[in-house]
Amino acid sequence: MPYVTTRDGTRLHYTDWGDGRPVVLLGAAMMDSRMWEFQAPFLAENGLRCVTYDRRGCGGSDRPWEGYDYDTLAADLADLLDRLDLRDAVLVGYAVGGGEAVRYLSRHGAGRVAKLVLLSSTTPFMRRTPDNPDGLDLAFFEEMAEAIRRDRAGWLSGFTMPFFGGADADPDNPPVSPELARWLVGTCMDASPKAGLEIYRTLFCTDQRAETAAVKVPTLVIHGAADLAAPYALCGSRTAQLIPGSTFVRYEDAAHGLFATHAERLNQDLLAFAKG
């Protein structure tokens, strides 16, 4: 298994498939690079160099006790891009991966990056504050954190249906197969419990409004209208509004897990944007 060693000595497992313009896929919170089951092969088969990696604490990467803030995660991404000497890259950030990508651009610049895609991104700011009154109350995170500490597997299993189907998901007609749902829960359970909790804390509590507004590279924002994990009005539409000249694509019937439920449409949108 190939690894990149970061500046603080953490080993990150990565895959590097195909040739052409590099597309770097940054995954959701507890999930590792296996979540790109439907996207990575497709992009590599269609003339792009597709790079995926497991965030620290997840999958096949090392599991340090600390380093789950955006500055460290963005530095990890910088080390990967430098080690592989990727240029003219398209960064694709999913959920917390969107926050990582935005922090990377704000701290490390766009010298290696040509374009940005924010998928179901948790940017720009999820927590309720006096100047962000529509955000989610801190008690929401605290309740979720306690559920994760008490029974992470149970919490993940219980969240599967709304993750893929939104609030109106029909248990008798699930949006993905039970086998796929169990497998994806398993990838989340492969993350260290410390990493999972701290990554959620980072995505929930970090205010990225200013740095999101400072993004200068061409940006595609894709968000599901039925997203509960990164609420559409709070995240998708506001992210698009903040980034000058961004293209906003709303998936009308999609929840947070659109990488699986809307894989074919997403693949075509990613391919067109990367090659455009």
# chains A, B, ... in the order shown; residues from 1 in each chain; ligands from 1
>>> residues_around(residues="Thr239 of chain A", least_positions_apart="5", cutoff="8 Å", atoms="only C-alpha atoms", output="PyMOL selection string")
chain A and resi 123-124+212+221
>>> residues_around(residues="Arg149 of chain A", least_positions_apart="6", cutoff="12 Å", atoms="only C-alpha atoms", output="PyMOL selection string")
chain A and resi 142-143+155-156+192-198
>>> write_last_selection(atoms="all heavy atoms", output="compact mmCIF listing (two decimals), in the first residue's frame")
# COMPACT_ATOMS: atom_id res chain seq x y z
N GLU A 142 -23.53 18.32 20.75
CA GLU A 142 -23.25 17.63 22.01
C GLU A 142 -24.07 16.35 22.15
O GLU A 142 -23.57 15.33 22.62
CB GLU A 142 -23.51 18.57 23.18
CG GLU A 142 -22.51 19.73 23.24
CD GLU A 142 -22.89 20.79 24.25
OE1 GLU A 142 -24.07 20.81 24.67
OE2 GLU A 142 -22.00 21.60 24.62
N GLU A 143 -25.33 16.39 21.72
CA GLU A 143 -26.17 15.19 21.75
C GLU A 143 -25.62 14.14 20.79
O GLU A 143 -25.59 12.94 21.11
CB GLU A 143 -27.61 15.55 21.38
CG GLU A 143 -28.32 16.39 22.42
CD GLU A 143 -29.65 16.91 21.94
OE1 GLU A 143 -30.05 16.54 20.81
OE2 GLU A 143 -30.30 17.69 22.67
N TRP A 155 -25.40 4.40 16.36
CA TRP A 155 -25.70 5.74 15.83
C TRP A 155 -25.53 5.76 14.31
O TRP A 155 -26.39 6.28 13.60
CB TRP A 155 -24.77 6.77 16.46
CG TRP A 155 -25.01 8.16 15.95
CD1 TRP A 155 -26.00 9.02 16.31
CD2 TRP A 155 -24.24 8.83 14.94
NE1 TRP A 155 -25.90 10.20 15.60
CE2 TRP A 155 -24.83 10.11 14.75
CE3 TRP A 155 -23.12 8.49 14.18
CZ2 TRP A 155 -24.32 11.03 13.84
CZ3 TRP A 155 -22.61 9.41 13.27
CH2 TRP A 155 -23.21 10.66 13.11
N LEU A 156 -24.46 5.17 13.81
CA LEU A 156 -24.23 5.14 12.37
C LEU A 156 -25.33 4.35 11.65
O LEU A 156 -25.84 4.79 10.61
CB LEU A 156 -22.87 4.51 12.08
CG LEU A 156 -21.65 5.37 12.39
CD1 LEU A 156 -20.39 4.52 12.40
CD2 LEU A 156 -21.52 6.51 11.38
N SER A 192 -10.81 5.72 13.79
CA SER A 192 -10.64 5.69 15.25
C SER A 192 -11.76 6.50 15.90
O SER A 192 -12.21 7.50 15.33
CB SER A 192 -9.28 6.26 15.64
OG SER A 192 -9.30 7.68 15.68
N PRO A 193 -12.22 6.10 17.07
CA PRO A 193 -13.30 6.85 17.73
C PRO A 193 -12.90 8.29 18.02
O PRO A 193 -13.73 9.20 17.93
CB PRO A 193 -13.58 6.06 19.00
CG PRO A 193 -12.39 5.19 19.21
CD PRO A 193 -11.83 4.91 17.86
N LYS A 194 -11.65 8.52 18.37
CA LYS A 194 -11.17 9.88 18.62
C LYS A 194 -11.24 10.72 17.35
O LYS A 194 -11.73 11.85 17.36
CB LYS A 194 -9.73 9.83 19.13
CG LYS A 194 -9.03 11.17 19.26
CD LYS A 194 -9.61 12.02 20.37
CE LYS A 194 -8.72 13.24 20.59
NZ LYS A 194 -9.25 14.11 21.67
N ALA A 195 -10.76 10.15 16.23
CA ALA A 195 -10.78 10.88 14.97
C ALA A 195 -12.20 11.23 14.56
O ALA A 195 -12.49 12.37 14.18
CB ALA A 195 -10.10 10.06 13.87
N GLY A 196 -13.11 10.25 14.64
CA GLY A 196 -14.48 10.50 14.22
C GLY A 196 -15.11 11.64 14.97
O GLY A 196 -15.73 12.54 14.38
N LEU A 197 -14.94 11.65 16.29
CA LEU A 197 -15.57 12.69 17.10
C LEU A 197 -14.94 14.06 16.84
O LEU A 197 -15.65 15.06 16.69
CB LEU A 197 -15.44 12.32 18.59
CG LEU A 197 -16.19 13.22 19.56
CD1 LEU A 197 -17.67 13.27 19.25
CD2 LEU A 197 -15.95 12.73 20.99
N GLU A 198 -13.62 14.10 16.75
CA GLU A 198 -12.95 15.39 16.57
C GLU A 198 -13.17 15.96 15.17
O GLU A 198 -13.25 17.19 15.01
CB GLU A 198 -11.46 15.25 16.87
CG GLU A 198 -11.16 14.96 18.33
CD GLU A 198 -11.79 15.96 19.28
OE1 GLU A 198 -11.74 17.18 18.98
OE2 GLU A 198 -12.36 15.53 20.31
>>> closest_residue(among="A:Thr129, A:Ser120, A:Thr5, A:Ser61", to="Leu81 of chain A", atoms="only C-alpha atoms")
A:Thr5
>>> residues_around(residues="Arg238 of chain A", least_positions_apart="6", cutoff="12 Å", atoms="only C-alpha atoms", output="ChimeraX atom specification")
/A:118,120-126,132,134-135,208-209,212-213,221-223,230-232,244,246,248
>>> write_last_selection(atoms="N, CA, C and O atoms", output="mmCIF file, in the first residue's frame")
data_model
loop_
_atom_site.group_PDB
_atom_site.id
_atom_site.type_symbol
_atom_site.label_atom_id
_atom_site.label_comp_id
_atom_site.auth_asym_id
_atom_site.auth_seq_id
_atom_site.Cartn_x
_atom_site.Cartn_y
_atom_site.Cartn_z
ATOM 1 N N LEU A 118 -17.168 21.458 -4.527
ATOM 2 C CA LEU A 118 -17.659 21.289 -3.163
ATOM 3 C C LEU A 118 -18.951 20.484 -3.214
ATOM 4 O O LEU A 118 -19.971 20.967 -3.713
ATOM 5 N N SER A 120 -21.875 18.445 -1.224
ATOM 6 C CA SER A 120 -22.523 18.275 0.075
ATOM 7 C C SER A 120 -21.653 18.862 1.181
ATOM 8 O O SER A 120 -21.549 18.314 2.281
ATOM 9 N N SER A 121 -21.021 19.984 0.897
ATOM 10 C CA SER A 121 -20.000 20.550 1.767
ATOM 11 C C SER A 121 -20.609 21.143 3.036
ATOM 12 O O SER A 121 -21.715 21.699 3.029
ATOM 13 N N THR A 122 -19.860 21.050 4.124
ATOM 14 C CA THR A 122 -20.303 21.621 5.395
ATOM 15 C C THR A 122 -19.923 23.090 5.534
ATOM 16 O O THR A 122 -20.228 23.706 6.555
ATOM 17 N N THR A 123 -19.252 23.651 4.524
ATOM 18 C CA THR A 123 -18.979 25.085 4.509
ATOM 19 C C THR A 123 -20.290 25.862 4.359
ATOM 20 O O THR A 123 -21.277 25.307 3.876
ATOM 21 N N PRO A 124 -20.381 27.131 4.760
ATOM 22 C CA PRO A 124 -19.324 27.909 5.370
ATOM 23 C C PRO A 124 -19.297 27.871 6.900
ATOM 24 O O PRO A 124 -18.250 28.050 7.497
ATOM 25 N N PHE A 125 -20.442 27.615 7.566
ATOM 26 C CA PHE A 125 -20.474 27.645 9.038
ATOM 27 C C PHE A 125 -21.784 27.022 9.498
ATOM 28 O O PHE A 125 -22.857 27.496 9.159
ATOM 29 N N MET A 126 -21.673 25.959 10.294
ATOM 30 C CA MET A 126 -22.873 25.235 10.697
ATOM 31 C C MET A 126 -23.402 25.632 12.068
ATOM 32 O O MET A 126 -24.586 25.499 12.349
ATOM 33 N N ASN A 132 -24.837 34.235 13.219
ATOM 34 C CA ASN A 132 -25.228 33.117 12.353
ATOM 35 C C ASN A 132 -26.471 32.456 12.964
ATOM 36 O O ASN A 132 -26.463 31.288 13.338
ATOM 37 N N ASP A 134 -29.240 31.275 11.979
ATOM 38 C CA ASP A 134 -29.898 30.129 11.357
ATOM 39 C C ASP A 134 -29.103 28.833 11.512
ATOM 40 O O ASP A 134 -29.543 27.778 11.044
ATOM 41 N N GLY A 135 -27.946 28.920 12.155
ATOM 42 C CA GLY A 135 -27.128 27.738 12.347
ATOM 43 C C GLY A 135 -27.737 26.768 13.353
ATOM 44 O O GLY A 135 -28.786 27.014 13.949
ATOM 45 N N GLN A 208 -15.979 29.237 8.531
ATOM 46 C CA GLN A 208 -15.192 29.384 7.306
ATOM 47 C C GLN A 208 -15.815 30.385 6.336
ATOM 48 O O GLN A 208 -15.540 30.349 5.134
ATOM 49 N N ARG A 209 -16.605 31.297 6.835
ATOM 50 C CA ARG A 209 -17.273 32.233 5.950
ATOM 51 C C ARG A 209 -16.287 33.124 5.205
ATOM 52 O O ARG A 209 -16.398 33.305 3.980
ATOM 53 N N THR A 212 -14.155 31.016 2.703
ATOM 54 C CA THR A 212 -14.971 30.558 1.591
ATOM 55 C C THR A 212 -15.178 31.691 0.588
ATOM 56 O O THR A 212 -15.075 31.500 -0.629
ATOM 57 N N ALA A 213 -15.440 32.887 1.096
ATOM 58 C CA ALA A 213 -15.641 34.043 0.224
ATOM 59 C C ALA A 213 -14.364 34.428 -0.511
ATOM 60 O O ALA A 213 -14.428 35.108 -1.549
ATOM 61 N N VAL A 221 -20.350 23.942 -7.083
ATOM 62 C CA VAL A 221 -20.997 23.551 -5.824
ATOM 63 C C VAL A 221 -22.178 22.657 -6.162
ATOM 64 O O VAL A 221 -23.068 23.049 -6.919
ATOM 65 N N ILE A 222 -22.180 21.442 -5.607
ATOM 66 C CA ILE A 222 -23.278 20.500 -5.807
ATOM 67 C C ILE A 222 -23.838 20.142 -4.441
ATOM 68 O O ILE A 222 -23.085 19.753 -3.534
ATOM 69 N N HIS A 223 -25.144 20.259 -4.291
ATOM 70 C CA HIS A 223 -25.746 19.985 -2.986
ATOM 71 C C HIS A 223 -27.153 19.417 -3.178
ATOM 72 O O HIS A 223 -27.888 19.865 -4.059
ATOM 73 N N ALA A 230 -25.671 18.175 6.110
ATOM 74 C CA ALA A 230 -25.175 19.513 5.773
ATOM 75 C C ALA A 230 -26.361 20.256 5.171
ATOM 76 O O ALA A 230 -26.528 20.281 3.945
ATOM 77 N N PRO A 231 -27.232 20.821 5.996
ATOM 78 C CA PRO A 231 -28.509 21.362 5.513
ATOM 79 C C PRO A 231 -28.352 22.289 4.306
ATOM 80 O O PRO A 231 -27.478 23.150 4.280
ATOM 81 N N TYR A 232 -29.207 22.065 3.340
ATOM 82 C CA TYR A 232 -29.106 22.745 2.051
ATOM 83 C C TYR A 232 -29.043 24.269 2.201
ATOM 84 O O TYR A 232 -28.132 24.916 1.666
ATOM 85 N N PRO A 244 -17.416 33.949 -5.463
ATOM 86 C CA PRO A 244 -17.728 34.721 -6.676
ATOM 87 C C PRO A 244 -17.643 33.859 -7.939
ATOM 88 O O PRO A 244 -16.678 33.128 -8.147
ATOM 89 N N SER A 246 -19.142 31.190 -8.813
ATOM 90 C CA SER A 246 -19.291 29.740 -8.712
ATOM 91 C C SER A 246 -20.522 29.259 -9.464
ATOM 92 O O SER A 246 -21.475 30.013 -9.681
ATOM 93 N N PHE A 248 -23.611 26.641 -9.283
ATOM 94 C CA PHE A 248 -24.360 25.922 -8.253
ATOM 95 C C PHE A 248 -25.329 24.954 -8.914
ATOM 96 O O PHE A 248 -26.149 25.355 -9.740
#
>>> closest_residue(among="A:His13, A:Arg128, A:Arg152, A:Arg250", to="Phe204 of chain A", atoms="only C-alpha atoms")
A:Arg128
>>> residues_around(residues="segment 252-260 of chain A", least_positions_apart="4", cutoff="6 Å", atoms="only C-alpha atoms", output="JSON, numbers by chain")
{"A": [163, 164, 165, 166, 224, 225, 226, 227]}
>>> atom_distance(atom1="atom CA of Gly20 of chain A", atom2="atom CA of Gly276 of chain A")
13.1 Å
>>> residues_around(residues="Arg83 of chain A", least_positions_apart="5", cutoff="12 Å", atoms="only C-alpha atoms", output="PDB file with C-alpha atoms, in the first residue's frame")
ATOM      1  CA  PRO A   2       1.468   3.400  -0.962  1.00  0.00           C
ATOM      2  CA  TYR A   3       1.827   6.035   1.757  1.00  0.00           C
ATOM      3  CA  VAL A   4       2.735   9.689   2.061  1.00  0.00           C
ATOM      4  CA  THR A   5       4.380  10.750   5.317  1.00  0.00           C
ATOM      5  CA  THR A   6       3.253  14.174   6.502  1.00  0.00           C
ATOM      6  CA  ARG A   7       5.355  16.872   8.155  1.00  0.00           C
ATOM      7  CA  LEU A  12      -1.496   8.607   4.867  1.00  0.00           C
ATOM      8  CA  TYR A  14      -3.439   6.856  -0.915  1.00  0.00           C
ATOM      9  CA  ASP A  76      -1.826  16.830   5.226  1.00  0.00           C
ATOM     10  CA  LEU A  77      -3.387  17.609   1.856  1.00  0.00           C
ATOM     11  CA  ALA A  78      -0.521  19.968   1.040  1.00  0.00           C
ATOM     12  CA  ARG A 112      -1.264  23.482  -7.600  1.00  0.00           C
TER      13      ARG A 112
END
>>> residues_around(residues="Ser177 of chain A", least_positions_apart="2", cutoff="12 Å", atoms="only C-alpha atoms", output="list in words")
Thr160, Met161, Phe164, Gly165, Pro171, Asp172, Asn173, Pro174, Pro175, Glu179, Leu180, Ala181, Arg182, Trp183, Leu184, Ala260 and Thr261 of chain A
>>> write_last_selection(atoms="all heavy atoms", output="compact mmCIF listing (two decimals), in the first residue's frame")
# COMPACT_ATOMS: atom_id res chain seq x y z
N THR A 160 -28.31 5.83 8.80
CA THR A 160 -28.16 5.41 7.41
C THR A 160 -29.32 5.87 6.53
O THR A 160 -29.11 6.41 5.43
CB THR A 160 -28.04 3.88 7.33
OG1 THR A 160 -26.86 3.46 8.02
CG2 THR A 160 -27.96 3.41 5.89
N MET A 161 -30.54 5.66 6.98
CA MET A 161 -31.69 5.99 6.14
C MET A 161 -31.78 7.49 5.84
O MET A 161 -31.88 7.88 4.67
CB MET A 161 -32.97 5.50 6.81
CG MET A 161 -34.18 5.50 5.89
SD MET A 161 -34.01 4.36 4.47
CE MET A 161 -33.92 2.79 5.30
N PHE A 164 -28.93 8.76 3.36
CA PHE A 164 -29.11 8.49 1.93
C PHE A 164 -30.45 8.95 1.39
O PHE A 164 -30.57 9.20 0.19
CB PHE A 164 -28.93 7.00 1.65
CG PHE A 164 -27.53 6.51 1.82
CD1 PHE A 164 -27.19 5.69 2.87
CD2 PHE A 164 -26.54 6.89 0.93
CE1 PHE A 164 -25.90 5.24 3.04
CE2 PHE A 164 -25.23 6.46 1.09
CZ PHE A 164 -24.90 5.63 2.14
N GLY A 165 -31.45 9.06 2.26
CA GLY A 165 -32.78 9.35 1.76
C GLY A 165 -33.44 10.60 2.28
O GLY A 165 -34.54 10.95 1.84
N PRO A 171 -38.46 3.32 4.61
CA PRO A 171 -37.74 2.09 4.97
C PRO A 171 -38.09 0.90 4.10
O PRO A 171 -37.28 -0.02 3.95
CB PRO A 171 -38.16 1.85 6.43
CG PRO A 171 -38.63 3.18 6.92
CD PRO A 171 -39.23 3.86 5.73
N ASP A 172 -39.29 0.91 3.53
CA ASP A 172 -39.70 -0.19 2.65
C ASP A 172 -39.14 -0.06 1.24
O ASP A 172 -39.24 -0.99 0.44
CB ASP A 172 -41.23 -0.27 2.60
CG ASP A 172 -41.83 -0.61 3.96
OD1 ASP A 172 -41.21 -1.39 4.71
OD2 ASP A 172 -42.92 -0.09 4.26
N ASN A 173 -38.59 1.09 0.93
CA ASN A 173 -37.99 1.32 -0.38
C ASN A 173 -36.69 2.10 -0.19
O ASN A 173 -36.58 3.27 -0.56
CB ASN A 173 -38.96 2.10 -1.27
CG ASN A 173 -38.44 2.25 -2.69
OD1 ASN A 173 -37.69 1.41 -3.19
ND2 ASN A 173 -38.83 3.34 -3.34
N PRO A 174 -35.68 1.46 0.40
CA PRO A 174 -34.44 2.18 0.77
C PRO A 174 -33.72 2.73 -0.45
O PRO A 174 -33.76 2.14 -1.54
CB PRO A 174 -33.62 1.10 1.47
CG PRO A 174 -34.15 -0.20 0.97
CD PRO A 174 -35.61 0.03 0.72
N PRO A 175 -33.06 3.88 -0.29
CA PRO A 175 -32.38 4.52 -1.42
C PRO A 175 -31.13 3.78 -1.88
O PRO A 175 -30.67 3.99 -3.01
CB PRO A 175 -32.03 5.91 -0.87
CG PRO A 175 -32.03 5.75 0.61
CD PRO A 175 -33.04 4.70 0.93
N GLU A 179 -26.93 -4.05 1.75
CA GLU A 179 -25.53 -4.48 1.73
C GLU A 179 -24.59 -3.28 1.59
O GLU A 179 -23.55 -3.19 2.27
CB GLU A 179 -25.29 -5.47 0.59
CG GLU A 179 -26.00 -6.80 0.75
CD GLU A 179 -27.50 -6.74 0.39
OE1 GLU A 179 -27.94 -5.72 -0.18
OE2 GLU A 179 -28.20 -7.73 0.68
N LEU A 180 -24.93 -2.35 0.70
CA LEU A 180 -24.11 -1.17 0.51
C LEU A 180 -24.11 -0.31 1.77
O LEU A 180 -23.07 0.20 2.20
CB LEU A 180 -24.60 -0.35 -0.68
CG LEU A 180 -23.84 0.95 -0.98
CD1 LEU A 180 -22.37 0.67 -1.25
CD2 LEU A 180 -24.47 1.70 -2.15
N ALA A 181 -25.28 -0.16 2.38
CA ALA A 181 -25.37 0.64 3.61
C ALA A 181 -24.51 0.04 4.71
O ALA A 181 -23.79 0.76 5.42
CB ALA A 181 -26.83 0.74 4.05
N ARG A 182 -24.57 -1.29 4.89
CA ARG A 182 -23.76 -1.93 5.93
C ARG A 182 -22.27 -1.77 5.65
O ARG A 182 -21.47 -1.55 6.55
CB ARG A 182 -24.13 -3.41 6.04
CG ARG A 182 -25.44 -3.67 6.75
CD ARG A 182 -25.58 -5.13 7.14
NE ARG A 182 -25.64 -6.00 5.96
CZ ARG A 182 -26.76 -6.35 5.36
NH1 ARG A 182 -27.93 -5.90 5.81
NH2 ARG A 182 -26.75 -7.15 4.30
N TRP A 183 -21.90 -1.90 4.39
CA TRP A 183 -20.50 -1.76 4.03
C TRP A 183 -19.99 -0.36 4.33
O TRP A 183 -18.89 -0.19 4.89
CB TRP A 183 -20.31 -2.09 2.55
CG TRP A 183 -18.91 -1.88 2.07
CD1 TRP A 183 -17.79 -2.61 2.42
CD2 TRP A 183 -18.45 -0.87 1.17
NE1 TRP A 183 -16.68 -2.11 1.78
CE2 TRP A 183 -17.05 -1.05 1.00
CE3 TRP A 183 -19.09 0.15 0.47
CZ2 TRP A 183 -16.29 -0.23 0.18
CZ3 TRP A 183 -18.34 0.97 -0.35
CH2 TRP A 183 -16.96 0.77 -0.50
N LEU A 184 -20.77 0.65 4.01
CA LEU A 184 -20.35 2.02 4.25
C LEU A 184 -20.29 2.33 5.75
O LEU A 184 -19.41 3.06 6.20
CB LEU A 184 -21.27 3.00 3.52
CG LEU A 184 -21.09 2.99 2.00
CD1 LEU A 184 -22.20 3.77 1.31
CD2 LEU A 184 -19.73 3.57 1.60
N ALA A 260 -23.54 7.98 -3.63
CA ALA A 260 -24.04 6.64 -3.91
C ALA A 260 -25.41 6.67 -4.58
O ALA A 260 -25.64 5.95 -5.55
CB ALA A 260 -24.12 5.83 -2.62
N THR A 261 -26.31 7.52 -4.10
CA THR A 261 -27.67 7.53 -4.62
C THR A 261 -27.76 8.18 -6.00
O THR A 261 -28.67 7.87 -6.77
CB THR A 261 -28.62 8.26 -3.66
OG1 THR A 261 -28.14 9.61 -3.46
CG2 THR A 261 -28.68 7.55 -2.31
>>> select_by_dssp(residues="segment 145-240 of chain A", states="strand (DSSP E)", output="ChimeraX atom specification")
/A:219-224
>>> closest_residue(among="A:Lys115, A:Arg127, A:Arg265, A:Arg87", to="Arg201 of chain A", atoms="only C-alpha atoms")
A:Arg127
